[in-house]
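Below is upload-v8.txt, which holds compact mmCIF, C-alpha atoms and all ligand atoms.
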```txt
# COMPACT_ATOMS: atom_id res chain seq x y z
CA MET A 125 21.97 7.26 -6.44
CA SER A 126 20.63 3.73 -6.04
CA THR A 127 22.54 0.67 -7.15
CA HIS A 128 20.47 0.73 -10.37
CA GLY A 129 21.55 4.25 -11.18
CA GLU A 130 18.07 5.69 -10.55
CA LEU A 131 17.92 8.98 -8.71
CA GLU A 132 16.92 8.43 -5.09
CA VAL A 133 14.64 11.11 -3.77
CA VAL A 134 14.62 9.55 -0.32
CA ALA A 135 17.67 7.60 0.85
CA VAL A 136 17.36 7.09 4.58
CA GLU A 137 18.88 4.35 6.73
CA GLY A 138 18.34 3.21 10.28
CA LEU A 139 15.38 5.50 10.96
CA THR A 140 14.40 4.99 14.60
CA LYS A 141 12.05 6.67 17.05
CA ARG A 142 11.91 5.95 20.76
CA TYR A 143 9.47 7.41 23.23
CA GLY A 144 11.03 6.74 26.61
CA ARG A 145 11.92 3.06 26.61
CA ARG A 146 9.46 2.25 23.85
CA THR A 147 10.76 1.93 20.30
CA VAL A 148 7.93 2.80 17.90
CA VAL A 149 10.06 2.89 14.71
CA ASP A 150 12.97 0.50 14.72
CA ASP A 151 15.88 0.78 12.30
CA VAL A 152 13.88 1.31 9.10
CA ASP A 153 15.55 1.94 5.73
CA LEU A 154 13.67 3.90 3.06
CA HIS A 155 14.76 4.20 -0.55
CA LEU A 156 12.41 5.99 -2.94
CA THR A 157 13.40 6.51 -6.55
CA ALA A 158 12.26 9.53 -8.55
CA GLY A 159 8.77 9.22 -10.01
CA SER A 160 7.89 6.09 -8.04
CA ILE A 161 4.88 5.36 -5.84
CA THR A 162 5.76 3.57 -2.61
CA GLY A 163 3.12 2.17 -0.26
CA LEU A 164 3.78 2.16 3.46
CA ILE A 165 1.61 -0.67 4.74
CA GLY A 166 0.99 -1.73 8.32
CA PRO A 167 -1.72 -2.15 10.94
CA ASN A 168 -2.73 0.64 13.33
CA GLY A 169 0.21 1.61 15.49
CA ALA A 170 2.80 0.12 13.11
CA GLY A 171 4.66 3.43 12.93
CA LYS A 172 3.54 4.80 9.55
CA THR A 173 2.61 8.29 10.76
CA THR A 174 5.74 8.49 12.90
CA ILE A 175 7.94 7.67 9.90
CA MET A 176 6.21 10.28 7.75
CA SER A 177 6.41 12.83 10.56
CA MET A 178 10.15 12.23 10.88
CA LEU A 179 10.64 12.74 7.13
CA LEU A 180 8.68 15.98 7.43
CA GLY A 181 10.68 17.29 10.37
CA LEU A 182 7.62 17.18 12.63
CA VAL A 183 9.08 14.48 14.87
CA ARG A 184 12.77 14.32 15.67
CA PRO A 185 14.34 10.92 14.88
CA SER A 186 16.13 9.15 17.74
CA ALA A 187 18.50 7.72 15.12
CA GLY A 188 18.84 7.57 11.37
CA ARG A 189 20.77 9.26 8.63
CA GLY A 190 20.38 9.97 4.97
CA THR A 191 19.13 12.45 2.45
CA ILE A 192 15.85 13.74 1.10
CA LEU A 193 16.01 15.43 -2.30
CA GLY A 194 19.75 15.55 -1.83
CA HIS A 195 19.59 17.42 1.49
CA ASP A 196 20.52 16.01 4.85
CA LEU A 197 17.67 14.46 6.85
CA SER A 198 18.76 16.46 9.87
CA ARG A 199 18.04 19.74 8.05
CA PRO A 200 14.37 19.56 7.04
CA ALA A 201 14.17 23.30 6.32
CA ASP A 202 16.46 22.68 3.31
CA TYR A 203 14.19 20.17 1.59
CA LEU A 204 10.68 20.94 2.90
CA PRO A 205 9.96 23.64 0.25
CA ASP A 206 9.95 20.78 -2.29
CA VAL A 207 7.79 18.42 -0.22
CA GLY A 208 3.98 18.36 -0.09
CA ALA A 209 2.17 16.41 2.60
CA LEU A 210 -1.24 15.41 3.87
CA ILE A 211 -0.70 13.98 7.29
CA GLU A 212 -3.89 14.79 9.12
CA GLY A 213 -7.36 15.48 7.81
CA PRO A 214 -7.36 18.77 5.91
CA ALA A 215 -8.65 21.85 7.76
CA PHE A 216 -10.67 23.94 5.32
CA PHE A 217 -13.37 26.58 5.49
CA GLY A 218 -16.73 24.86 5.02
CA ASN A 219 -18.43 27.94 3.58
CA LEU A 220 -15.71 28.63 0.99
CA SER A 221 -15.60 26.79 -2.34
CA GLY A 222 -12.84 24.31 -3.14
CA ARG A 223 -11.17 26.94 -5.30
CA GLY A 224 -11.68 29.60 -2.62
CA ASN A 225 -9.93 27.39 -0.09
CA LEU A 226 -7.01 26.75 -2.42
CA GLU A 227 -6.74 30.51 -3.10
CA TYR A 228 -6.62 31.13 0.64
CA PHE A 229 -3.86 28.53 1.16
CA ALA A 230 -1.92 29.75 -1.89
CA ARG A 231 -1.91 33.29 -0.44
CA LEU A 232 -0.92 31.95 2.98
CA GLY A 233 1.95 29.90 1.56
CA GLY A 234 3.09 32.58 -0.88
CA HIS A 235 2.39 30.34 -3.88
CA ASP A 236 1.44 31.51 -7.34
CA ARG A 237 -2.36 31.40 -7.69
CA SER A 238 -2.05 30.80 -11.42
CA GLY A 239 -1.20 27.16 -10.60
CA ILE A 240 -4.61 26.51 -9.03
CA PRO A 241 -6.47 25.35 -12.20
CA ALA A 242 -3.73 22.76 -12.87
CA VAL A 243 -3.95 21.55 -9.26
CA LEU A 244 -7.75 21.26 -9.49
CA ASP A 245 -7.27 19.23 -12.65
CA LEU A 246 -4.69 16.98 -11.02
CA VAL A 247 -6.90 16.20 -8.02
CA GLY A 248 -9.97 15.71 -10.23
CA LEU A 249 -12.07 18.54 -8.82
CA GLN A 250 -12.51 20.50 -12.04
CA GLY A 251 -16.21 21.24 -12.48
CA ARG A 252 -16.79 21.09 -8.71
CA GLU A 253 -14.29 23.78 -7.71
CA GLY A 254 -17.04 26.37 -7.27
CA ASP A 255 -19.09 24.25 -4.83
CA SER A 256 -18.76 24.87 -1.13
CA PHE A 257 -16.32 22.64 0.73
CA SER A 258 -19.09 21.53 3.11
CA SER A 259 -20.94 19.94 0.16
CA TYR A 260 -17.95 17.74 -0.76
CA SER A 261 -17.80 13.99 -0.09
CA LEU A 262 -15.04 12.76 2.22
CA GLY A 263 -13.04 11.58 -0.81
CA MET A 264 -13.34 15.04 -2.43
CA LYS A 265 -12.27 16.69 0.83
CA GLN A 266 -9.21 14.46 0.93
CA ARG A 267 -8.40 15.27 -2.69
CA LEU A 268 -8.72 19.00 -1.99
CA GLY A 269 -6.36 18.49 0.97
CA ILE A 270 -3.87 16.87 -1.37
CA GLY A 271 -4.46 19.75 -3.80
CA ALA A 272 -3.40 22.18 -1.08
CA ALA A 273 -0.23 20.14 -0.61
CA LEU A 274 0.46 20.39 -4.35
CA LEU A 275 0.23 24.19 -4.55
CA SER A 276 3.99 24.53 -4.07
CA ASN A 277 4.57 22.10 -6.98
CA PRO A 278 6.51 19.67 -4.75
CA LYS A 279 8.86 16.97 -6.01
CA LEU A 280 8.03 14.61 -3.14
CA VAL A 281 4.45 14.02 -1.96
CA ILE A 282 3.75 12.29 1.37
CA LEU A 283 0.18 11.14 2.00
CA ASP A 284 -0.81 9.56 5.32
CA GLU A 285 -3.81 7.25 4.88
CA PRO A 286 -5.68 9.49 2.41
CA THR A 287 -8.19 6.69 1.73
CA ASN A 288 -9.13 6.24 5.38
CA GLY A 289 -12.91 6.21 5.77
CA VAL A 290 -13.45 6.88 2.05
CA ASP A 291 -15.97 4.71 0.16
CA PRO A 292 -14.82 2.43 -2.72
CA ALA A 293 -15.68 4.95 -5.46
CA GLY A 294 -13.85 7.68 -3.53
CA MET A 295 -10.85 5.37 -3.11
CA ARG A 296 -10.76 4.72 -6.84
CA ASP A 297 -10.69 8.49 -7.48
CA ILE A 298 -7.86 8.93 -4.97
CA ARG A 299 -5.88 6.11 -6.61
CA ALA A 300 -6.36 7.67 -10.06
CA MET A 301 -5.21 11.00 -8.65
CA VAL A 302 -2.09 9.47 -7.09
CA ARG A 303 -1.20 7.94 -10.46
CA ARG A 304 -1.55 11.36 -12.13
CA ILE A 305 0.62 12.97 -9.45
CA ALA A 306 3.41 10.43 -10.06
CA ALA A 307 2.98 10.49 -13.85
CA ASP A 308 4.16 14.11 -13.72
CA GLY A 309 7.49 12.85 -12.33
CA ARG A 310 6.74 13.41 -8.65
CA THR A 311 7.69 10.80 -6.08
CA VAL A 312 4.89 9.59 -3.82
CA LEU A 313 4.97 7.92 -0.41
CA ILE A 314 1.47 6.85 0.62
CA SER A 315 0.34 4.89 3.66
CA SER A 316 -2.57 2.61 4.37
CA HIS A 317 -3.34 -0.19 6.76
CA LEU A 318 -4.77 -2.19 3.85
CA LEU A 319 -2.64 -3.40 0.98
CA ALA A 320 -5.75 -3.86 -1.18
CA GLU A 321 -6.22 -0.08 -1.24
CA LEU A 322 -2.79 0.48 -2.74
CA GLU A 323 -1.69 -2.70 -4.48
CA HIS A 324 -2.70 -1.55 -7.96
CA ILE A 325 -0.83 1.74 -7.83
CA CYS A 326 2.39 1.01 -5.94
CA ASP A 327 5.71 0.23 -7.59
CA ARG A 328 7.05 -0.91 -4.24
CA VAL A 329 5.72 -1.52 -0.76
CA ILE A 330 7.25 -1.22 2.67
CA VAL A 331 5.49 -3.46 5.18
CA LEU A 332 5.79 -2.43 8.82
CA ASP A 333 4.68 -4.05 12.02
CA GLN A 334 5.27 -2.77 15.54
CA GLY A 335 7.78 -0.26 14.22
CA GLY A 336 9.89 -2.88 12.44
CA LEU A 337 10.36 -3.38 8.72
CA ARG A 338 8.91 -6.72 7.60
CA TYR A 339 9.28 -6.37 3.85
CA SER A 340 10.53 -3.83 1.37
CA GLY A 341 10.37 -4.42 -2.35
CA SER A 342 8.09 -5.00 -5.29
CA LEU A 343 4.72 -6.65 -4.83
CA THR A 344 5.52 -9.37 -7.34
CA GLU A 345 8.36 -10.53 -5.12
CA LEU A 346 6.34 -10.47 -1.90
CA PRO A 347 7.01 -13.90 -0.44
CA ALA A 348 4.19 -16.42 -0.09
CA SER A 349 3.91 -17.82 3.42
CA ARG A 350 1.74 -20.76 2.40
CA PRO A 351 2.16 -23.06 -0.60
CA GLU A 352 0.10 -22.71 -3.73
CA VAL A 353 -2.42 -25.53 -4.02
CA ILE A 354 -4.86 -27.16 -6.41
CA LEU A 355 -8.11 -27.53 -4.51
CA LEU A 356 -10.41 -30.38 -5.54
CA ARG A 357 -13.42 -32.32 -4.32
CA GLY A 358 -15.25 -35.44 -5.47
CA SER A 359 -19.02 -35.66 -5.82
CA GLY A 360 -19.46 -37.74 -2.68
CA GLN A 361 -17.71 -39.81 -0.05
CA SER A 362 -16.75 -42.72 -2.31
CA ASP A 363 -15.42 -40.37 -5.00
CA ASP A 364 -13.45 -38.53 -2.31
CA GLU A 365 -11.91 -41.77 -1.02
CA ALA A 366 -10.95 -42.87 -4.53
CA LEU A 367 -9.57 -39.41 -5.20
CA HIS A 368 -7.43 -39.51 -2.08
CA ARG A 369 -6.01 -42.92 -3.06
CA MET A 370 -5.30 -41.73 -6.59
CA LEU A 371 -3.50 -38.55 -5.48
CA SER A 372 -1.45 -40.40 -2.85
CA THR A 373 -0.24 -43.02 -5.34
CA GLN A 374 0.98 -40.19 -7.60
CA GLY A 375 3.40 -39.04 -4.92
CA LEU A 376 1.66 -35.68 -4.47
CA THR A 377 1.49 -33.87 -1.12
CA VAL A 378 -2.18 -33.84 -0.19
CA GLU A 379 -3.91 -32.15 2.73
CA ARG A 380 -7.54 -32.85 3.63
CA ARG A 381 -9.37 -29.58 4.31
CA ALA A 382 -13.00 -28.72 5.04
CA GLU A 383 -13.41 -27.45 1.46
CA GLY A 384 -11.75 -30.49 -0.16
CA PHE A 385 -8.28 -31.85 -0.90
CA ALA A 386 -5.42 -29.40 -1.23
CA VAL A 387 -2.62 -30.65 -3.48
CA ASP A 388 0.68 -28.84 -3.05
CA VAL A 389 1.73 -27.39 -6.43
CA GLY A 390 5.43 -27.27 -5.54
CA GLU A 391 7.57 -26.64 -8.61
CA ILE A 392 5.00 -28.02 -11.06
CA ASP A 393 3.12 -25.73 -13.45
CA PRO A 394 -0.33 -25.42 -11.77
CA ALA A 395 -2.29 -25.56 -15.05
CA GLN A 396 -0.46 -28.74 -16.10
CA LEU A 397 -0.97 -30.34 -12.72
CA ALA A 398 -4.69 -29.50 -12.70
CA GLY A 399 -5.03 -30.93 -16.22
CA ARG A 400 -3.24 -34.12 -15.26
CA ILE A 401 -5.35 -34.65 -12.13
CA ASN A 402 -8.53 -33.99 -14.10
CA ARG A 403 -7.56 -36.55 -16.79
CA ASN A 404 -6.51 -39.19 -14.25
CA ALA A 405 -9.72 -38.71 -12.27
CA ALA A 406 -11.84 -39.10 -15.41
CA GLU A 407 -9.91 -42.27 -16.39
CA SER A 408 -10.49 -43.67 -12.89
CA GLY A 409 -14.22 -42.88 -13.07
CA ILE A 410 -14.00 -40.25 -10.33
CA HIS A 411 -16.48 -37.42 -10.69
CA LEU A 412 -14.97 -34.09 -9.63
CA VAL A 413 -17.27 -31.26 -8.57
CA GLU A 414 -14.47 -28.84 -7.88
CA LEU A 415 -10.98 -28.29 -9.25
CA HIS A 416 -9.26 -24.94 -9.02
CA HIS A 417 -5.90 -23.33 -8.48
CA GLN A 418 -5.68 -21.47 -5.17
CA LYS A 419 -2.95 -18.89 -4.85
CA GLN A 420 -2.37 -16.92 -1.69
CA SER A 421 -3.61 -13.38 -2.19
CA LEU A 422 -1.21 -10.46 -1.73
CA GLU A 423 -3.37 -9.24 1.15
CA ASP A 424 -3.00 -12.63 2.89
CA ARG A 425 0.76 -12.53 2.38
CA VAL A 426 0.92 -9.14 4.07
CA LEU A 427 -1.37 -10.25 6.90
CA ASP A 428 0.91 -13.22 7.52
CA LEU A 429 3.88 -10.83 7.70
CA VAL A 430 2.26 -8.53 10.25
CA GLY A 431 -0.31 -10.59 12.14
CA THR A 432 -3.80 -9.13 12.21
CA GLY A 433 -4.12 -7.28 15.53
CA SER A 434 -3.81 -3.52 15.83
CA ARG A 435 -1.56 -2.08 18.50
CA SER A 436 -2.16 1.63 18.81
P1 LIG A 501 -2.36 4.37 12.52
O1 LIG A 501 -2.67 3.50 11.36
O2 LIG A 501 -3.21 4.08 13.70
O3 LIG A 501 -2.28 5.83 12.19
P2 LIG A 501 0.53 4.27 12.52
O4 LIG A 501 1.09 3.09 11.82
O5 LIG A 501 0.51 5.56 11.81
O6 LIG A 501 -0.91 3.91 13.06
P3 LIG A 501 1.91 5.71 14.57
O7 LIG A 501 0.84 6.74 14.69
O8 LIG A 501 3.16 6.09 13.90
O9 LIG A 501 1.33 4.40 13.89
O10 LIG A 501 2.23 5.19 16.03
C1 LIG A 501 3.19 4.18 16.29
C2 LIG A 501 3.25 3.96 17.77
O11 LIG A 501 3.86 5.09 18.40
C3 LIG A 501 1.90 3.78 18.41
O12 LIG A 501 1.95 2.75 19.34
C4 LIG A 501 1.67 5.11 19.09
O13 LIG A 501 0.87 4.96 20.25
C5 LIG A 501 3.07 5.56 19.46
N1 LIG A 501 3.22 7.01 19.54
C6 LIG A 501 3.00 7.90 18.53
N2 LIG A 501 3.24 9.16 18.94
C7 LIG A 501 3.62 9.08 20.24
C8 LIG A 501 4.01 10.04 21.22
N3 LIG A 501 4.05 11.35 20.95
N4 LIG A 501 4.35 9.58 22.45
C9 LIG A 501 4.34 8.25 22.71
N5 LIG A 501 3.98 7.29 21.83
C10 LIG A 501 3.62 7.70 20.61
```
Full structure transcribed into structure tokens:
Amino acid sequence: MSTHGELEVVAVEGLTKRYGRRTVVDDVDLHLTAGSITGLIGPNGAGKTTIMSMLLGLVRPSAGRGTILGHDLSRPADYLPDVGALIEGPAFFGNLSGRGNLEYFARLGGHDRSGIPAVLDLVGLQGREGDSFSSYSLGMKQRLGIGAALLSNPKLVILDEPTNGVDPAGMRDIRAMVRRIAADGRTVLISSHLLAELEHICDRVIVLDQGGLRYSGSLTELPASRPEVILLRGSGQSDDEALHRMLSTQGLTVERRAEGFAVDVGEIDPAQLAGRINRNAAESGIHLVELHHQKQSLEDRVLDLVGTGSRS
């Protein structure tokens, strides 16, 4: 159980993987509550696949302890029947239909074939289930792969970069599908190297870089690494000079940038500050051609946490 009394489907601490002298996952804690969607975000080589592989018993952790679905991490066979995963691109028969492929995998896995229509519904392939796999878009192929992982009706679903290479419309379909999967009470762990692909669906994110945990928590609490500013510009050089004098005499922190003056918002309400500056400028006869509130985007906050280079 978590400190909030929610059931923890994954409660793992100190997860570590070393290859020789190289540590590729370093002391990572993972806490996933039932029914939540958690995004694992990090650049190439950050350790996302290795973490997922350790949870799935495909890679043996060098250190780490905890439970998955109440079973010990060191005994994957005990919890894997309730886990569905897409970790590499799905391998399907191109000449079989989507439904035909799911029937094949249901037989192979000993799952009840009567669940297939519900799975097709969940992954949004109803109406296209009779078409051959080779005619599917990449996004549809990924969704069918996730469908195969859902045949066992798992409680925990682990998806490694399912949006990789998928176009924006395909990504939107995958996001909608992930929401449906979690709405049924399943817990989802999904990775991406781009926050923007996941930010609208995740309850929490785990940001990784070079195997280390950089942030774990809700997106709303993701720390800003640069101050919020009001950005403004006068209509010409003399307006700009007057503007600079006016802002400085008001005791505001002002930075001159290529795109104009950046006034540090600090603890002040940004809308109030912008209104005040606008009024004062008008009273001083300064003509503003630009005045807007610039907040650091979530993507920029993550990029500042991880740097931008890939390291695979
Ligand atoms: P990507 O977005 O590229 O998939 P990732 O975040 O999933 O990256 P991992 O695939 O987990 O990263 O790899 C993390 C690091 O571990 C990389 O530097 C990788 O080269 C290294 N690594 C992974 N598997 C092995 C292995 N079997 N032997 C040695 N190093 C490995």
Practice task
May I ask which of the residues A:Leu318, A:Ala230, A:Ala300, A:Val136 is the closest one to Asp245 (chain A), counting only C-alpha atoms?
Solution key: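 Once distances to Asp245 (chain A) are computed over only C-alpha atoms, the minimum belongs to A:Ala300.
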Discussion item. I'd like the contact shell of His235 (chain A) - 12 Å cut-off, only C-alpha atoms, skipping same-chain residues fewer than 3 positions apart - returned as a PyMOL selection string.
Written reply: chain A and resi 205+226-232+238-240+272-278
* To do: Please work out which residues fall within 8 Å of (-16.6, 26.1, -4.1), coordinates as given in the file, with all atoms listed in the file counting, and return them as JSON, numbers by chain.
  => {"A": [220, 221, 222, 223, 224, 225, 252, 253, 254, 255, 256, 257]}
Ligand LIG 501 (chain A) proximity check over A:Leu332, A:Met264, A:Ala320, A:Ala242, using all atoms listed in the file: winner is A:Leu332
* Distance criterion (all atoms listed in the file): nearest to ligand LIG 501 (chain A) out of A:Val387, A:Val430, A:Ala306, A:Ala158 ->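 Ranking A:Val387, A:Val430, A:Ala306, A:Ala158 by distance to ligand LIG 501 (chain A), first place goes to A:Val430.
Counting all atoms listed in the file and comparing A:Ala215, A:Val290, A:Ile175, A:Ile282, the residue that lies closest to ligand LIG 501 (chain A) is A:Ile175.
Distance check against Thr147 (chain A) using only C-alpha atoms: of A:Gly335, A:Ile161, A:Gly208, A:Thr311, the minimum falls on A:Gly335.
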Restricting the calculation to all atoms listed in the file, which member of A:Asp428, A:Asp151, A:Asp284, A:Asp291 is positioned closest to ligand LIG 501 (chain A)?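 The answer is A:Asp284, which sits nearest to ligand LIG 501 (chain A).
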Computed gap from CA of Leu283 (chain A) to CA of Ala209 (chain A) is 5.7 Å
Can you list every residue of chain A that has an atom at most 9 Å from ligand LIG 501 (chain A), with its nearest atom pair and the distance in Å to one decimal, using only C-alpha atoms and all ligand atoms, ordered by chain then number, as CSV?
```
residue,atom,partner,partner_atom,distance
A:Lys141,CA,A:LIG501,O11,8.4
A:Arg142,CA,A:LIG501,N5,8.1
A:Tyr143,CA,A:LIG501,C9,5.2
A:Gly144,CA,A:LIG501,C9,7.9
A:Arg146,CA,A:LIG501,N5,7.7
A:Thr147,CA,A:LIG501,O11,7.8
A:Val148,CA,A:LIG501,O11,4.7
A:Val149,CA,A:LIG501,C1,7.2
A:Leu164,CA,A:LIG501,O4,8.8
A:Ile165,CA,A:LIG501,O4,8.0
A:Gly166,CA,A:LIG501,O4,6.0
A:Pro167,CA,A:LIG501,O1,5.7
A:Asn168,CA,A:LIG501,O1,3.5
A:Gly169,CA,A:LIG501,O9,3.4
A:Ala170,CA,A:LIG501,O4,3.7
A:Gly171,CA,A:LIG501,O8,3.2
A:Lys172,CA,A:LIG501,O4,3.8
A:Thr173,CA,A:LIG501,O5,3.6
A:Thr174,CA,A:LIG501,O8,3.7
A:Ile175,CA,A:LIG501,O8,6.4
A:Met176,CA,A:LIG501,O8,8.0
A:Ser177,CA,A:LIG501,O8,8.2
A:Val183,CA,A:LIG501,N3,8.5
A:Asp284,CA,A:LIG501,O5,7.7
A:Glu285,CA,A:LIG501,O1,7.6
A:Ser315,CA,A:LIG501,O5,8.2
A:Ser316,CA,A:LIG501,O1,7.0
A:His317,CA,A:LIG501,O1,5.9
A:Leu332,CA,A:LIG501,O4,7.8
A:Asp333,CA,A:LIG501,O4,8.0
A:Gln334,CA,A:LIG501,C1,7.3
A:Gly335,CA,A:LIG501,C1,6.7
A:Ser434,CA,A:LIG501,O2,7.9
A:Arg435,CA,A:LIG501,O12,6.0
A:Ser436,CA,A:LIG501,O12,4.3
```
Quote the spacing between CA of Leu415 (chain A) and CA of Leu356 (chain A) in Å to one decimal place.
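For CA of Leu415 (chain A) relative to CA of Leu356 (chain A), the distance reads 4.3 Å.
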The distance between CA of Val281 (chain A) and CA of Gly336 (chain A) is 22.9 Å
Quiz prompt | Residues within 10 Å of Ala395 (chain A), all atoms listed in the file, excluding chain neighbours under 4 positions, as a list of chain:residue names | solution =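 The neighbour list is A:Ile354, A:Val389, A:Gly399, A:Arg400, A:His416, A:His417.
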(Q) With only C-alpha atoms as the counted atoms, please give the residues lying no more than 12 Å from Arg380 (chain A), apart from itself and same-chain residues fewer than 4 positions off, as a PyMOL selection string. (A) chain A and resi 353-357+364-365+367-368+371-372+384-388
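Point (16.6, 9.2, -9.6) has the following residues at most 6 Å away: Glu130, Leu131, Glu132, Thr157 and Ala158 of chain A (atoms considered: all atoms listed in the file).
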Using only C-alpha atoms, which residues sit within 6 Å of region 337-341 of chain A once same-chain residues fewer than 2 positions away are excluded, as a PyMOL selection string? chain A and resi 152+328-332
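By chain and then residue number, the residues within 8 Å of Leu412 (chain A) are Leu356, Arg357, Gly358, Ser359, Asp363, Asn402 and Ala405 of chain A, counting only C-alpha atoms and disregarding those fewer than 6 positions away in sequence.
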Enclosing box along x, y and z for every listed atom of region 279-292 of chain A, padded 3 Å each side, centre and size in Å, one decimal, as AutoDock Vina command-line options:
```
--center_x -3.6 --center_y 9.7 --center_z -0.1 --size_x 30.8 --size_y 20.5 --size_z 17.8
```
For region 224-230 of chain A, supply all heavy atoms and report the output as a PDB file, keeping the file's coordinate frame.
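part-v1.pdb written:
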```pdb
ATOM      1  N   GLY A 224     -11.879  28.539  -3.613  1.00  0.00           N
ATOM      2  CA  GLY A 224     -11.680  29.600  -2.620  1.00  0.00           C
ATOM      3  C   GLY A 224     -10.702  29.155  -1.532  1.00  0.00           C
ATOM      4  O   GLY A 224      -9.829  29.918  -1.107  1.00  0.00           O
ATOM      5  N   ASN A 225     -10.848  27.910  -1.108  1.00  0.00           N
ATOM      6  CA  ASN A 225      -9.930  27.390  -0.090  1.00  0.00           C
ATOM      7  C   ASN A 225      -8.502  27.316  -0.618  1.00  0.00           C
ATOM      8  O   ASN A 225      -7.564  27.700   0.071  1.00  0.00           O
ATOM      9  CB  ASN A 225     -10.398  25.997   0.367  1.00  0.00           C
ATOM     10  CG  ASN A 225     -11.391  26.065   1.520  1.00  0.00           C
ATOM     11  OD1 ASN A 225     -11.040  26.454   2.626  1.00  0.00           O
ATOM     12  ND2 ASN A 225     -12.640  25.692   1.245  1.00  0.00           N
ATOM     13  N   LEU A 226      -8.364  26.837  -1.854  1.00  0.00           N
ATOM     14  CA  LEU A 226      -7.010  26.750  -2.420  1.00  0.00           C
ATOM     15  C   LEU A 226      -6.405  28.146  -2.586  1.00  0.00           C
ATOM     16  O   LEU A 226      -5.204  28.351  -2.343  1.00  0.00           O
ATOM     17  CB  LEU A 226      -7.025  26.022  -3.769  1.00  0.00           C
ATOM     18  CG  LEU A 226      -7.271  24.512  -3.728  1.00  0.00           C
ATOM     19  CD1 LEU A 226      -7.107  23.917  -5.132  1.00  0.00           C
ATOM     20  CD2 LEU A 226      -6.343  23.795  -2.751  1.00  0.00           C
ATOM     21  N   GLU A 227      -7.251  29.131  -2.957  1.00  0.00           N
ATOM     22  CA  GLU A 227      -6.740  30.510  -3.100  1.00  0.00           C
ATOM     23  C   GLU A 227      -6.246  31.020  -1.749  1.00  0.00           C
ATOM     24  O   GLU A 227      -5.192  31.656  -1.657  1.00  0.00           O
ATOM     25  CB  GLU A 227      -7.828  31.427  -3.669  1.00  0.00           C
ATOM     26  CG  GLU A 227      -7.969  31.234  -5.164  1.00  0.00           C
ATOM     27  CD  GLU A 227      -9.174  31.952  -5.759  1.00  0.00           C
ATOM     28  OE1 GLU A 227      -9.975  32.527  -4.996  1.00  0.00           O
ATOM     29  OE2 GLU A 227      -9.300  31.901  -7.001  1.00  0.00           O
ATOM     30  N   TYR A 228      -7.018  30.708  -0.711  1.00  0.00           N
ATOM     31  CA  TYR A 228      -6.620  31.130   0.640  1.00  0.00           C
ATOM     32  C   TYR A 228      -5.255  30.526   1.008  1.00  0.00           C
ATOM     33  O   TYR A 228      -4.349  31.222   1.458  1.00  0.00           O
ATOM     34  CB  TYR A 228      -7.690  30.700   1.653  1.00  0.00           C
ATOM     35  CG  TYR A 228      -7.277  30.914   3.080  1.00  0.00           C
ATOM     36  CD1 TYR A 228      -7.403  32.165   3.682  1.00  0.00           C
ATOM     37  CD2 TYR A 228      -6.737  29.871   3.828  1.00  0.00           C
ATOM     38  CE1 TYR A 228      -6.997  32.374   4.995  1.00  0.00           C
ATOM     39  CE2 TYR A 228      -6.324  30.067   5.144  1.00  0.00           C
ATOM     40  CZ  TYR A 228      -6.461  31.325   5.718  1.00  0.00           C
ATOM     41  OH  TYR A 228      -6.058  31.522   7.014  1.00  0.00           O
ATOM     42  N   PHE A 229      -5.118  29.192   0.774  1.00  0.00           N
ATOM     43  CA  PHE A 229      -3.860  28.530   1.160  1.00  0.00           C
ATOM     44  C   PHE A 229      -2.695  28.948   0.263  1.00  0.00           C
ATOM     45  O   PHE A 229      -1.548  29.001   0.710  1.00  0.00           O
ATOM     46  CB  PHE A 229      -4.024  27.005   1.193  1.00  0.00           C
ATOM     47  CG  PHE A 229      -4.710  26.554   2.451  1.00  0.00           C
ATOM     48  CD1 PHE A 229      -6.062  26.280   2.469  1.00  0.00           C
ATOM     49  CD2 PHE A 229      -4.002  26.470   3.645  1.00  0.00           C
ATOM     50  CE1 PHE A 229      -6.710  25.898   3.646  1.00  0.00           C
ATOM     51  CE2 PHE A 229      -4.631  26.092   4.825  1.00  0.00           C
ATOM     52  CZ  PHE A 229      -5.990  25.809   4.823  1.00  0.00           C
ATOM     53  N   ALA A 230      -2.985  29.276  -0.995  1.00  0.00           N
ATOM     54  CA  ALA A 230      -1.920  29.750  -1.890  1.00  0.00           C
ATOM     55  C   ALA A 230      -1.388  31.090  -1.377  1.00  0.00           C
ATOM     56  O   ALA A 230      -0.176  31.313  -1.315  1.00  0.00           O
ATOM     57  CB  ALA A 230      -2.451  29.893  -3.314  1.00  0.00           C
TER      58      ALA A 230
END
```
